[in-house]
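Data block for structure36.cif (mmCIF, C-alpha atoms and all ligand atoms):
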data_input
loop_
_atom_site.label_atom_id
_atom_site.label_comp_id
_atom_site.auth_asym_id
_atom_site.auth_seq_id
_atom_site.Cartn_x
_atom_site.Cartn_y
_atom_site.Cartn_z
CA MET I 250 -31.58 -8.16 -5.43
CA ASP I 251 -29.06 -7.34 -2.68
CA LYS I 252 -29.35 -3.97 -0.98
CA PRO I 253 -26.67 -1.59 -2.35
CA LYS I 254 -23.64 -1.22 -0.09
CA HIS I 255 -23.69 1.95 1.96
CA ILE I 256 -20.64 4.09 2.66
CA LEU I 257 -20.42 6.68 5.40
CA LEU I 258 -17.83 9.21 4.27
CA ILE I 259 -16.21 11.40 6.93
CA ILE I 260 -14.47 14.42 5.43
CA GLY I 261 -11.75 16.02 7.54
CA GLY I 262 -10.34 19.52 7.25
CA GLY I 263 -7.49 19.46 4.76
CA ILE I 264 -6.95 20.86 1.30
CA ALA I 265 -7.49 17.34 -0.09
CA ALA I 266 -11.14 17.65 1.03
CA TYR I 267 -11.96 18.88 -2.45
CA LYS I 268 -11.13 15.38 -3.76
CA ALA I 269 -14.02 14.02 -1.66
CA SER I 270 -16.48 15.37 -4.24
CA GLU I 271 -14.97 13.17 -6.93
CA LEU I 272 -14.92 10.20 -4.56
CA ILE I 273 -18.66 10.66 -3.87
CA ARG I 274 -19.31 10.67 -7.61
CA LEU I 275 -17.32 7.42 -8.05
CA ILE I 276 -19.06 5.72 -5.12
CA LYS I 277 -22.45 6.61 -6.59
CA LYS I 278 -21.36 5.50 -10.05
CA SER I 279 -20.40 2.09 -8.65
CA GLY I 280 -23.97 1.57 -7.48
CA MET I 281 -23.29 2.13 -3.77
CA THR I 282 -24.99 4.77 -1.63
CA VAL I 283 -23.09 7.37 0.38
CA ARG I 284 -23.84 9.72 3.24
CA CYS I 285 -21.38 12.41 4.33
CA VAL I 286 -20.25 13.66 7.71
CA LEU I 287 -18.30 16.89 7.48
CA THR I 288 -16.06 17.98 10.36
CA GLU I 289 -16.07 21.63 11.41
CA SER I 290 -12.69 22.19 9.74
CA GLY I 291 -13.73 20.11 6.71
CA ALA I 292 -16.51 22.68 6.19
CA GLN I 293 -13.80 25.32 5.67
CA PHE I 294 -12.78 23.49 2.48
CA VAL I 295 -16.03 22.11 1.01
CA THR I 296 -19.62 23.13 1.54
CA PRO I 297 -22.38 20.86 2.86
CA MET I 298 -24.44 21.97 -0.14
CA THR I 299 -21.96 20.48 -2.65
CA LEU I 300 -21.75 17.20 -0.74
CA ALA I 301 -25.52 16.94 -0.31
CA ALA I 302 -26.09 17.55 -4.02
CA LEU I 303 -23.52 14.93 -5.05
CA SER I 304 -24.45 12.31 -2.47
CA GLU I 305 -28.21 12.97 -2.75
CA ASN I 306 -28.32 12.67 1.02
CA GLU I 307 -28.42 15.04 3.94
CA VAL I 308 -24.94 16.06 5.16
CA HIS I 309 -24.25 15.79 8.89
CA THR I 310 -22.02 18.28 10.61
CA THR I 311 -22.91 18.46 14.26
CA LEU I 312 -23.49 16.25 17.23
CA TRP I 313 -25.84 18.80 18.70
CA SER I 314 -28.82 18.68 16.40
CA LEU I 315 -32.07 17.80 18.16
CA LYS I 316 -33.77 16.84 14.93
CA ASN I 317 -30.94 14.49 14.06
CA GLU I 318 -30.77 12.95 17.50
CA THR I 319 -34.41 12.03 17.24
CA GLU I 320 -34.42 10.97 13.60
CA MET I 321 -30.82 10.03 12.75
CA GLY I 322 -28.61 9.93 15.82
CA HIS I 323 -24.88 9.39 15.69
CA ILE I 324 -25.27 5.75 16.73
CA GLN I 325 -27.66 5.03 13.89
CA LEU I 326 -25.52 6.97 11.41
CA SER I 327 -22.57 4.71 12.18
CA ARG I 328 -24.64 1.52 12.23
CA GLU I 329 -26.29 1.83 8.84
CA ALA I 330 -22.88 1.91 7.12
CA ASP I 331 -21.26 -1.16 5.54
CA LEU I 332 -17.99 0.75 5.59
CA ILE I 333 -16.88 4.05 7.09
CA VAL I 334 -14.28 5.91 5.02
CA ILE I 335 -12.42 8.89 6.49
CA CYS I 336 -11.12 10.86 3.56
CA PRO I 337 -9.11 12.96 3.95
CA ALA I 338 -8.08 11.88 7.45
CA THR I 339 -6.10 14.74 8.95
CA ALA I 340 -3.31 14.33 11.51
CA ASN I 341 -5.65 15.79 14.14
CA LEU I 342 -8.49 13.40 13.32
CA LEU I 343 -6.12 10.40 13.38
CA ALA I 344 -4.70 11.53 16.72
CA LYS I 345 -8.15 11.89 18.24
CA MET I 346 -9.16 8.45 16.97
CA ALA I 347 -5.96 6.86 18.30
CA GLY I 348 -6.67 8.41 21.69
CA GLY I 349 -10.34 7.43 21.72
CA ILE I 350 -11.48 11.06 21.91
CA ALA I 351 -15.10 11.75 20.99
CA ASP I 352 -15.66 15.50 20.91
CA ASP I 353 -17.57 15.99 17.68
CA LEU I 354 -19.93 14.05 15.43
CA ALA I 355 -17.18 12.33 13.39
CA THR I 356 -15.11 11.09 16.34
CA THR I 357 -18.18 10.14 18.38
CA LEU I 358 -19.64 7.94 15.68
CA LEU I 359 -16.20 6.39 15.06
CA LEU I 360 -16.19 5.27 18.69
CA ALA I 361 -19.77 4.04 18.48
CA THR I 362 -19.48 2.05 15.29
CA ASP I 363 -19.16 -1.67 14.70
CA ALA I 364 -18.67 -1.18 10.96
CA PRO I 365 -15.21 -1.57 9.39
CA VAL I 366 -13.32 1.70 9.12
CA MET I 367 -10.82 2.79 6.47
CA ALA I 368 -8.75 5.96 6.92
CA VAL I 369 -7.17 7.80 4.00
CA PRO I 370 -4.61 10.15 5.58
CA ALA I 371 -3.57 13.30 3.73
CA MET I 372 -1.32 15.96 5.18
CA ASN I 373 1.94 17.84 4.87
CA VAL I 374 4.99 15.56 4.57
CA ARG I 375 6.47 16.61 7.91
CA MET I 376 3.18 16.10 9.70
CA TRP I 377 2.93 12.64 8.13
CA GLN I 378 6.48 11.72 9.08
CA HIS I 379 6.21 13.09 12.62
CA ALA I 380 6.76 10.40 15.25
CA ALA I 381 3.37 11.21 16.82
CA THR I 382 1.48 10.64 13.56
CA GLN I 383 3.37 7.41 12.83
CA ARG I 384 2.66 6.22 16.39
CA ASN I 385 -1.03 7.03 15.93
CA ILE I 386 -1.14 5.14 12.61
CA LYS I 387 0.37 2.05 14.24
CA GLN I 388 -2.13 2.32 17.10
CA LEU I 389 -5.04 2.62 14.69
CA GLN I 390 -3.86 -0.39 12.69
CA ASN I 391 -3.58 -2.36 15.92
CA ASP I 392 -7.14 -1.30 16.67
CA GLY I 393 -8.22 -2.80 13.34
CA ILE I 394 -8.55 0.41 11.32
CA MET I 395 -7.48 0.00 7.69
CA VAL I 396 -5.08 2.74 6.70
CA MET I 397 -4.49 3.53 3.04
CA MET I 398 -0.96 4.88 2.74
CA PRO I 399 -0.60 8.36 1.22
CA ASP I 400 1.10 8.95 -2.09
CA GLU I 401 4.42 10.63 -2.53
CA GLY I 402 4.58 13.73 -4.70
CA ASP I 403 4.27 17.49 -4.95
CA MET I 404 2.02 18.83 -2.23
CA ALA I 405 -0.31 21.81 -2.10
CA CYS I 406 2.05 23.37 0.48
CA GLY I 407 4.90 23.35 -2.05
CA GLU I 408 6.87 20.50 -0.42
CA TYR I 409 7.58 17.07 -1.88
CA GLY I 410 7.23 13.70 -0.20
CA PRO I 411 4.73 11.23 1.22
CA GLY I 412 1.49 12.66 2.59
CA ARG I 413 -0.52 13.40 -0.53
CA MET I 414 -3.97 11.87 -0.70
CA PRO I 415 -4.19 9.04 -3.26
CA GLU I 416 -6.34 9.86 -6.27
CA PRO I 417 -10.08 9.25 -5.74
CA GLU I 418 -9.94 6.39 -8.30
CA ALA I 419 -7.38 4.58 -6.12
CA VAL I 420 -9.51 5.11 -3.00
CA MET I 421 -12.50 3.79 -4.93
CA THR I 422 -10.54 0.68 -5.99
CA GLN I 423 -9.79 0.03 -2.33
CA ILE I 424 -13.45 0.55 -1.33
CA SER I 425 -14.60 -1.83 -4.08
CA SER I 426 -12.12 -4.48 -3.04
CA LEU I 427 -13.22 -4.18 0.59
CA MET I 428 -16.83 -4.44 -0.48
CA SER I 429 -16.13 -7.57 -2.53
CA SER I 430 -18.19 -10.64 -1.71
CA ALA I 431 -15.80 -12.35 0.74
CA PHE I 432 -15.48 -9.18 2.74
CA SER I 433 -19.14 -8.27 2.77
CA SER I 434 -20.24 -11.71 3.87
CA THR I 435 -17.88 -11.52 6.87
CA SER I 436 -19.19 -8.07 7.61
CA GLU I 437 -22.81 -9.19 7.42
CA PHE I 438 -21.98 -12.09 9.69
CA ALA I 439 -20.32 -9.74 12.10
CA ALA I 440 -23.18 -7.28 11.99
CA SER I 441 -25.72 -9.97 12.76
CA GLU I 442 -23.58 -11.36 15.57
CA LEU I 443 -23.31 -7.93 17.07
CA GLY I 444 -26.75 -6.70 16.09
CA ALA I 445 -28.44 -7.11 19.47
CA ASN I 446 -26.03 -5.06 21.52
CA PRO I 447 -22.96 -4.09 19.55
CA LEU I 448 -21.31 -2.22 22.37
CA ASP I 449 -21.60 -5.11 24.74
CA GLY I 450 -18.27 -6.88 25.31
CA GLN I 451 -15.70 -7.83 22.69
CA PRO I 452 -16.65 -8.01 19.03
CA ALA I 453 -16.94 -11.54 17.66
CA PHE I 454 -14.27 -10.82 15.05
CA ALA I 455 -11.10 -8.82 14.65
CA PRO I 456 -11.71 -6.01 12.15
CA ASP I 457 -8.39 -7.12 10.60
CA GLN I 458 -10.11 -10.19 9.24
CA HIS I 459 -12.08 -8.03 6.84
CA ARG I 460 -8.99 -7.29 4.84
CA PRO I 461 -8.65 -9.29 1.63
CA LEU I 462 -5.10 -10.54 2.29
CA HIS I 463 -5.63 -11.27 5.96
CA GLY I 464 -3.83 -14.48 6.94
CA LYS I 465 -1.39 -14.36 3.99
CA HIS I 466 2.33 -13.91 4.37
CA ILE I 467 3.84 -11.90 1.54
CA LEU I 468 7.57 -11.68 1.03
CA VAL I 469 8.87 -8.68 -0.93
CA THR I 470 12.47 -7.92 -1.94
CA ALA I 471 13.31 -4.34 -2.86
CA GLY I 472 16.11 -1.95 -3.68
CA PRO I 473 19.56 -2.62 -5.07
CA THR I 474 22.21 -4.85 -3.60
CA ARG I 475 25.67 -3.49 -2.88
CA GLU I 476 28.63 -5.74 -3.56
CA PRO I 477 31.81 -4.56 -1.84
CA ILE I 478 35.12 -4.51 -3.71
CA ASP I 479 37.29 -3.05 -0.96
CA PRO I 480 36.59 -0.87 2.13
CA VAL I 481 35.64 2.15 -0.02
CA ARG I 482 34.27 0.78 -3.29
CA TYR I 483 31.27 -1.30 -4.26
CA ILE I 484 29.20 -2.45 -7.25
CA ALA I 485 25.60 -1.20 -7.14
CA ASN I 486 22.80 0.05 -9.39
CA ARG I 487 20.29 2.90 -9.59
CA SER I 488 17.35 1.10 -7.97
CA SER I 489 15.69 3.36 -5.37
CA GLY I 490 13.50 0.65 -3.80
CA ARG I 491 10.40 2.82 -4.25
CA GLN I 492 8.40 0.31 -6.27
CA GLY I 493 9.14 -2.58 -3.87
CA PHE I 494 8.38 -0.45 -0.80
CA ALA I 495 5.11 0.70 -2.37
CA ILE I 496 4.15 -2.93 -3.01
CA ALA I 497 4.98 -3.89 0.58
CA ALA I 498 2.83 -0.98 1.79
CA ALA I 499 -0.09 -1.91 -0.47
CA ALA I 500 0.07 -5.57 0.62
CA ALA I 501 0.10 -4.55 4.30
CA GLU I 502 -2.84 -2.23 3.70
CA ALA I 503 -4.72 -5.17 2.23
CA GLY I 504 -4.17 -7.05 5.48
CA ALA I 505 -1.18 -9.29 4.63
CA LYS I 506 1.67 -10.00 6.99
CA VAL I 507 4.55 -8.55 4.99
CA THR I 508 8.28 -9.23 5.23
CA LEU I 509 10.28 -6.71 3.24
CA VAL I 510 13.89 -7.68 2.54
CA ALA I 511 15.48 -4.37 1.61
CA GLY I 512 18.80 -3.54 0.05
CA PRO I 513 20.48 -0.23 1.00
CA VAL I 514 17.89 2.51 0.36
CA HIS I 515 16.82 5.74 2.04
CA LEU I 516 13.15 4.98 2.50
CA ALA I 517 10.89 4.84 5.54
CA THR I 518 9.56 1.42 6.45
CA PRO I 519 5.90 1.19 5.47
CA VAL I 520 3.62 0.96 8.49
CA GLY I 521 2.86 -2.59 9.56
CA VAL I 522 5.70 -4.14 7.54
CA LEU I 523 8.53 -6.23 8.99
CA ARG I 524 11.73 -4.95 7.37
CA VAL I 525 14.98 -6.89 7.13
CA ASP I 526 17.89 -4.77 5.89
CA VAL I 527 20.61 -6.44 3.83
CA GLU I 528 23.49 -5.23 1.75
CA THR I 529 24.69 -7.96 -0.60
CA ALA I 530 22.95 -10.51 -2.83
CA LEU I 531 24.18 -13.34 -0.58
CA GLU I 532 22.68 -11.61 2.47
CA MET I 533 19.43 -11.08 0.55
CA GLU I 534 19.32 -14.76 -0.38
CA ALA I 535 19.80 -15.75 3.28
CA ALA I 536 17.13 -13.28 4.47
CA VAL I 537 14.64 -14.61 1.89
CA GLU I 538 15.34 -18.18 3.02
CA ALA I 539 14.86 -17.18 6.66
CA ALA I 540 11.51 -15.51 5.88
CA LEU I 541 9.95 -18.68 4.42
CA PRO I 542 7.31 -20.01 4.32
CA ALA I 543 5.40 -17.34 2.43
CA ASN I 544 2.17 -17.62 0.43
CA ILE I 545 3.28 -15.06 -2.11
CA ALA I 546 6.73 -13.69 -3.01
CA ILE I 547 7.25 -10.53 -5.06
CA MET I 548 10.88 -10.13 -6.01
CA VAL I 549 11.29 -6.49 -6.92
CA ALA I 550 14.94 -6.07 -5.91
CA ALA I 551 17.52 -5.21 -8.55
CA VAL I 552 19.99 -7.82 -7.41
CA ALA I 553 23.55 -7.28 -8.67
CA ASP I 554 24.36 -10.01 -11.17
CA TRP I 555 27.99 -10.13 -10.08
CA ARG I 556 30.06 -9.66 -6.96
CA ALA I 557 33.80 -9.23 -6.56
CA ASP I 558 35.58 -12.57 -6.35
CA SER I 559 37.09 -11.59 -3.08
CA ARG I 560 36.73 -8.46 -0.99
CA SER I 561 40.06 -6.75 -0.38
CA GLU I 562 40.66 -5.82 3.25
CA GLN I 563 42.75 -2.83 2.11
CA LYS I 564 41.94 -0.15 -0.45
CA ILE I 565 43.12 -1.47 -3.82
CA LYS I 566 45.91 0.71 -5.33
CA LYS I 567 46.29 1.70 -8.98
CA LYS I 568 49.26 0.11 -10.64
CA GLY I 569 50.13 2.33 -13.59
CA ASP I 570 48.56 1.04 -16.80
CA ALA I 571 47.85 -2.44 -15.42
CA PRO I 572 44.20 -3.56 -15.84
CA ALA I 573 41.92 -3.15 -12.83
CA PRO I 574 42.51 -6.10 -10.50
CA LEU I 575 38.86 -7.05 -10.42
CA GLN I 576 37.54 -10.58 -10.90
CA LEU I 577 33.77 -11.08 -10.76
CA THR I 578 31.69 -14.08 -9.71
CA GLU I 579 28.03 -14.50 -10.61
CA ASN I 580 25.57 -14.06 -7.75
CA PRO I 581 22.92 -16.71 -7.07
CA ASP I 582 19.58 -16.04 -8.73
CA ILE I 583 17.33 -15.70 -5.68
CA LEU I 584 14.11 -15.75 -7.70
CA ALA I 585 15.04 -18.87 -9.69
CA GLY I 586 16.20 -20.54 -6.46
CA LEU I 587 12.84 -19.79 -4.84
CA ALA I 588 11.02 -21.27 -7.84
CA ARG I 589 12.83 -24.60 -7.21
CA HIS I 590 12.56 -24.39 -3.43
CA ALA I 591 10.72 -27.07 -1.42
CA GLN I 592 8.79 -24.19 0.19
CA ARG I 593 8.03 -22.43 -3.09
CA PRO I 594 5.37 -19.74 -2.50
CA ASP I 595 2.04 -20.45 -4.23
CA LEU I 596 2.37 -17.27 -6.25
CA LEU I 597 5.87 -16.21 -7.27
CA ILE I 598 6.27 -12.87 -9.02
CA GLY I 599 9.47 -11.59 -10.59
CA PHE I 600 10.29 -8.15 -11.92
CA ALA I 601 12.34 -7.54 -15.05
CA ALA I 602 14.09 -4.31 -15.88
CA GLU I 603 14.55 -4.19 -19.64
CA THR I 604 15.75 -1.56 -22.05
CA GLU I 605 14.45 -3.17 -25.29
CA LYS I 606 12.00 -5.87 -26.54
CA ILE I 607 10.29 -5.70 -23.14
CA ALA I 608 7.51 -8.26 -23.61
CA GLU I 609 9.68 -10.71 -25.55
CA HIS I 610 12.48 -10.69 -22.97
CA ALA I 611 10.00 -10.86 -20.11
CA LYS I 612 8.29 -13.95 -21.56
CA ALA I 613 11.64 -15.69 -21.87
CA LYS I 614 12.45 -14.71 -18.27
CA LEU I 615 9.15 -16.15 -16.99
CA ALA I 616 10.10 -19.55 -18.38
CA LYS I 617 13.77 -19.37 -17.45
CA LYS I 618 13.17 -18.36 -13.84
CA GLY I 619 10.15 -20.61 -13.24
CA CYS I 620 8.01 -17.88 -11.68
CA ASP I 621 4.26 -17.34 -12.22
CA TRP I 622 4.20 -13.69 -13.27
CA ILE I 623 6.79 -11.29 -14.56
CA VAL I 624 6.27 -7.56 -14.15
CA ALA I 625 8.50 -6.02 -16.78
CA ASN I 626 9.41 -2.38 -17.06
CA ASP I 627 11.27 -0.30 -19.55
CA VAL I 628 14.18 1.23 -17.66
CA SER I 629 15.68 2.99 -20.65
CA GLY I 630 14.10 6.28 -19.41
CA ASP I 631 13.79 7.66 -15.88
CA VAL I 632 12.01 4.69 -14.28
CA MET I 633 14.91 3.53 -12.10
CA GLY I 634 14.87 5.88 -9.14
CA GLY I 635 11.91 7.83 -10.61
CA ALA I 636 8.35 8.30 -9.33
CA ASP I 637 6.43 6.60 -12.17
CA ASN I 638 6.46 3.23 -13.85
CA SER I 639 4.99 1.64 -17.01
CA VAL I 640 4.74 -2.11 -16.79
CA HIS I 641 3.93 -5.20 -18.81
CA ILE I 642 2.45 -7.99 -16.71
CA ILE I 643 3.22 -11.38 -18.22
CA THR I 644 1.42 -14.44 -16.86
CA ALA I 645 0.80 -17.96 -18.19
CA HIS I 646 -2.57 -16.66 -19.43
CA GLY I 647 -1.36 -13.66 -21.41
CA SER I 648 -0.12 -10.17 -20.86
CA GLU I 649 -1.37 -6.70 -20.11
CA ILE I 650 0.20 -3.26 -20.16
CA TRP I 651 -0.24 -0.55 -17.54
CA GLU I 652 0.84 2.73 -19.03
CA ARG I 653 2.79 5.28 -16.98
CA LEU I 654 1.40 5.36 -13.44
CA PRO I 655 2.80 6.56 -10.11
CA LYS I 656 4.62 3.66 -8.41
CA PRO I 657 2.13 3.50 -5.48
CA GLU I 658 -0.66 3.11 -8.04
CA VAL I 659 1.20 0.27 -9.83
CA ALA I 660 1.59 -1.31 -6.37
CA ARG I 661 -2.11 -1.04 -5.57
CA GLN I 662 -3.15 -2.44 -8.94
CA LEU I 663 -0.70 -5.32 -8.57
CA VAL I 664 -2.05 -6.14 -5.10
CA GLN I 665 -5.57 -5.96 -6.50
CA LYS I 666 -4.59 -8.40 -9.25
CA ILE I 667 -3.12 -10.74 -6.62
CA ILE I 668 -6.35 -10.55 -4.59
CA GLU I 669 -8.35 -11.48 -7.71
CA GLU I 670 -5.91 -14.33 -8.50
CA ILE I 671 -6.02 -15.96 -5.08
CA GLY I 672 -9.64 -14.99 -4.31
O1 LIG F 1 17.68 -11.74 -14.53
P1 LIG F 1 17.12 -10.44 -14.07
O2 LIG F 1 18.02 -9.71 -13.12
O3 LIG F 1 16.61 -9.54 -15.16
O4 LIG F 1 15.81 -10.87 -13.26
C1 LIG F 1 15.06 -9.98 -12.56
C2 LIG F 1 14.23 -10.70 -11.52
O5 LIG F 1 14.99 -11.71 -10.88
C3 LIG F 1 13.80 -9.78 -10.41
O6 LIG F 1 12.59 -10.27 -9.88
C4 LIG F 1 14.94 -9.91 -9.40
O7 LIG F 1 14.53 -9.55 -8.10
C5 LIG F 1 15.28 -11.37 -9.53
N1 LIG F 1 16.69 -11.68 -9.32
C6 LIG F 1 17.08 -12.40 -8.21
N2 LIG F 1 18.38 -12.74 -8.02
C7 LIG F 1 19.33 -12.37 -8.91
C8 LIG F 1 18.95 -11.61 -10.04
C9 LIG F 1 17.64 -11.28 -10.21
O8 LIG F 1 16.20 -12.74 -7.39
N3 LIG F 1 20.57 -12.70 -8.70
#
Please render this file's structure as structure tokens.
Amino acid sequence: MDKPKHILLIIGGGIAAYKASELIRLIKKSGMTVRCVLTESGAQFVTPMTLAALSENEVHTTLWSLKNETEMGHIQLSREADLIVICPATANLLAKMAGGIADDLATTLLLATDAPVMAVPAMNVRMWQHAATQRNIKQLQNDGIMVMMPDEGDMACGEYGPGRMPEPEAVMTQISSLMSSAFSSTSEFAASELGANPLDGQPAFAPDQHRPLHGKHILVTAGPTREPIDPVRYIANRSSGRQGFAIAAAAAEAGAKVTLVAGPVHLATPVGVLRVDVETALEMEAAVEAALPANIAIMVAAVADWRADSRSEQKIKKKGDAPAPLQLTENPDILAGLARHAQRPDLLIGFAAETEKIAEHAKAKLAKKGCDWIVANDVSGDVMGGADNSVHIITAHGSEIWERLPKPEVARQLVQKIIEEIG
């Protein structure tokens, strides 16, 4: 029987540290082993005793322990791990890692390791959005660190926005997918290649290659389109772009090269994603065409079905009781066009916003549009523009329902399903 996978969990000093206890329980439940390193500030939030009891392993807190340096030094600690998870990763910890600082046990072993590293940032929204943190995240991704994007929501500090640690179940899903067979065989190969002297010269692999969607190009459309009528008016819809942006982020986290064609929305570009901003359906169609070829396309945008026949150069005036001088033309169906395209992606996923007979309408749409999956959602409530989503996934092999989940969680599950499909 294979040796169980071993996780080294570094717990930074943030209020989300309490969620580490649940993560340890889930790691153990999955059959993996876990050993914890607690930073000095992490120890202000959780006790070594709790972590030791849950992990059934000694908890390491300091670089300066003689006993540990003889029996379990920081080099060995980092080497025995199949994966190092930093959860929660504070802004300070991320900054130190990005700068290559090694001034405590956690940061020293992160410099010494040849194991893949996944960071799960959690912090106040302003700290997360600060240019310095975003710069550090980009640097870490360039260095091959996998970064799991934080959730958006109410925070312990009373503010709302991105920065909240994903639920331990979501972190566990990510750990399991990274520990899947394809990944672990690469990692074992890498470990054996580097085994003799891991710090000597360049590694034989880019850590990026561990990620399950490495080498895939994923095209995502998101947000509404805006169809101008005259200089001051336009046709649009309530789409916020949040679901599409979350999918782009989850795909990038899984290692894909992601092109996100975005209609007009007020959302930050997910780290590591190439964003192309468009306004109208025709511009979106052209941007999609320009982004090809892609292995997978996920068309989440709420494209306006119609545009004004012609855009008036001047503001259109009312003329008493006369009907509005508005003629509409149907927009091209970008998804259906992609299904017929010579460069059709191998996996083509459409979204369907429905207000009734969700599954029935979605099945009909799957056939009509010629895509492989339809992700249908009931938009009769607060889904459009809201934080949560309930979806029906319709494929040629059947359907499944994911009851009300935060949009980032729907995104992660969808990316996981894609990984299983193409794996
Ligand atoms: O026909 P309906 O708008 O319900 O289809 C929704 C799906 O089709 C979504 O994936 C959407 O992005 C895509 N679509 C498109 N171009 C259009 C209309 C919808 O790509 N003109």
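Using all atoms listed in the file, the smallest distance between any of I:Thr339, I:Gln383, I:Glu603, I:Leu462 and I:Thr518 comes from I:Gln383.
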Test item: residues no farther than 8 Å from ligand LIG 1 (chain F), counting only C-alpha atoms and all ligand atoms, as a PyMOL selection string
chain I and resi 470-471+530+534+547-555+579-586+598-603+614+618+623
File of the preceding selection, C-alpha atoms, as a PDB file, in the coordinates of the input:
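Result saved to part00.pdb:
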ATOM      1  CA  THR I 470      12.470  -7.920  -1.940  1.00  0.00           C
ATOM      2  CA  ALA I 471      13.310  -4.340  -2.860  1.00  0.00           C
ATOM      3  CA  ALA I 530      22.950 -10.510  -2.830  1.00  0.00           C
ATOM      4  CA  GLU I 534      19.320 -14.760  -0.380  1.00  0.00           C
ATOM      5  CA  ILE I 547       7.250 -10.530  -5.060  1.00  0.00           C
ATOM      6  CA  MET I 548      10.880 -10.130  -6.010  1.00  0.00           C
ATOM      7  CA  VAL I 549      11.290  -6.490  -6.920  1.00  0.00           C
ATOM      8  CA  ALA I 550      14.940  -6.070  -5.910  1.00  0.00           C
ATOM      9  CA  ALA I 551      17.520  -5.210  -8.550  1.00  0.00           C
ATOM     10  CA  VAL I 552      19.990  -7.820  -7.410  1.00  0.00           C
ATOM     11  CA  ALA I 553      23.550  -7.280  -8.670  1.00  0.00           C
ATOM     12  CA  ASP I 554      24.360 -10.010 -11.170  1.00  0.00           C
ATOM     13  CA  TRP I 555      27.990 -10.130 -10.080  1.00  0.00           C
ATOM     14  CA  GLU I 579      28.030 -14.500 -10.610  1.00  0.00           C
ATOM     15  CA  ASN I 580      25.570 -14.060  -7.750  1.00  0.00           C
ATOM     16  CA  PRO I 581      22.920 -16.710  -7.070  1.00  0.00           C
ATOM     17  CA  ASP I 582      19.580 -16.040  -8.730  1.00  0.00           C
ATOM     18  CA  ILE I 583      17.330 -15.700  -5.680  1.00  0.00           C
ATOM     19  CA  LEU I 584      14.110 -15.750  -7.700  1.00  0.00           C
ATOM     20  CA  ALA I 585      15.040 -18.870  -9.690  1.00  0.00           C
ATOM     21  CA  GLY I 586      16.200 -20.540  -6.460  1.00  0.00           C
ATOM     22  CA  ILE I 598       6.270 -12.870  -9.020  1.00  0.00           C
ATOM     23  CA  GLY I 599       9.470 -11.590 -10.590  1.00  0.00           C
ATOM     24  CA  PHE I 600      10.290  -8.150 -11.920  1.00  0.00           C
ATOM     25  CA  ALA I 601      12.340  -7.540 -15.050  1.00  0.00           C
ATOM     26  CA  ALA I 602      14.090  -4.310 -15.880  1.00  0.00           C
ATOM     27  CA  GLU I 603      14.550  -4.190 -19.640  1.00  0.00           C
ATOM     28  CA  LYS I 614      12.450 -14.710 -18.270  1.00  0.00           C
ATOM     29  CA  LYS I 618      13.170 -18.360 -13.840  1.00  0.00           C
ATOM     30  CA  ILE I 623       6.790 -11.290 -14.560  1.00  0.00           C
TER      31      ILE I 623
END
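You will find atom CA of I:Asp251 at 17.5 Å from atom CA of I:Ile424.
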For atom CA of I:Phe294 and atom CA of I:Ile324, quote the distance in Å rounded to one decimal.
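These atoms are spaced 26.0 Å apart.
Our summary of the geometry notes that atom CA of I:Gln378 is positioned 13.4 Å from atom CA of I:Leu343.
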Env of I:Leu389: 10 Å cut, atoms = only C-alpha atoms, seq-sep filter 5 positions within chain, self excluded. Answer as a PyMOL selection string.
chain I and resi 343-344+346-348+368+383-384+394-396
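For the set I:Asn341, I:Asn391, I:Gln665, I:Asn544, the residue with the smallest atom-to-atom gap to I:Val507 is I:Asn544, counting all atoms listed in the file.
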From the list I:Leu427, I:Ile333, I:Val659, I:Val286, the nearest residue to I:Asn306 using only C-alpha atoms is I:Val286
Considering all atoms listed in the file, state which residue in the set I:Ile478, I:Ala364, I:Met398, I:Ala340 is at the smallest distance from I:Ile565.
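For I:Ile565, the nearest of the given residues is I:Ile478.
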Across I:Ala546, I:Val469, I:Cys336, I:Ala405, the smallest distance to I:Ala588, with only C-alpha atoms counted, is shown by I:Ala546
Some atoms are missing, so please complete stretch 307-313 of chain I with N, CA and C atoms and return it as an mmCIF file, keeping the file's coordinate frame.
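Written file, result-v3.cif:
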data_model
loop_
_atom_site.group_PDB
_atom_site.id
_atom_site.type_symbol
_atom_site.label_atom_id
_atom_site.label_comp_id
_atom_site.auth_asym_id
_atom_site.auth_seq_id
_atom_site.Cartn_x
_atom_site.Cartn_y
_atom_site.Cartn_z
ATOM 1 N N GLU I 307 -28.699 13.963 2.992
ATOM 2 C CA GLU I 307 -28.420 15.040 3.940
ATOM 3 C C GLU I 307 -26.969 14.937 4.427
ATOM 4 N N VAL I 308 -26.318 16.066 4.666
ATOM 5 C CA VAL I 308 -24.940 16.060 5.160
ATOM 6 C C VAL I 308 -24.966 16.378 6.650
ATOM 7 N N HIS I 309 -24.205 15.625 7.430
ATOM 8 C CA HIS I 309 -24.250 15.790 8.890
ATOM 9 C C HIS I 309 -22.986 16.484 9.371
ATOM 10 N N THR I 310 -23.184 17.502 10.183
ATOM 11 C CA THR I 310 -22.020 18.280 10.610
ATOM 12 C C THR I 310 -21.899 18.389 12.124
ATOM 13 N N THR I 311 -22.996 18.207 12.827
ATOM 14 C CA THR I 311 -22.910 18.460 14.260
ATOM 15 C C THR I 311 -23.547 17.364 15.099
ATOM 16 N N LEU I 312 -22.975 17.215 16.272
ATOM 17 C CA LEU I 312 -23.490 16.250 17.230
ATOM 18 C C LEU I 312 -24.728 16.814 17.917
ATOM 19 N N TRP I 313 -24.826 18.134 17.878
ATOM 20 C CA TRP I 313 -25.840 18.800 18.700
ATOM 21 C C TRP I 313 -27.047 19.247 17.890
#
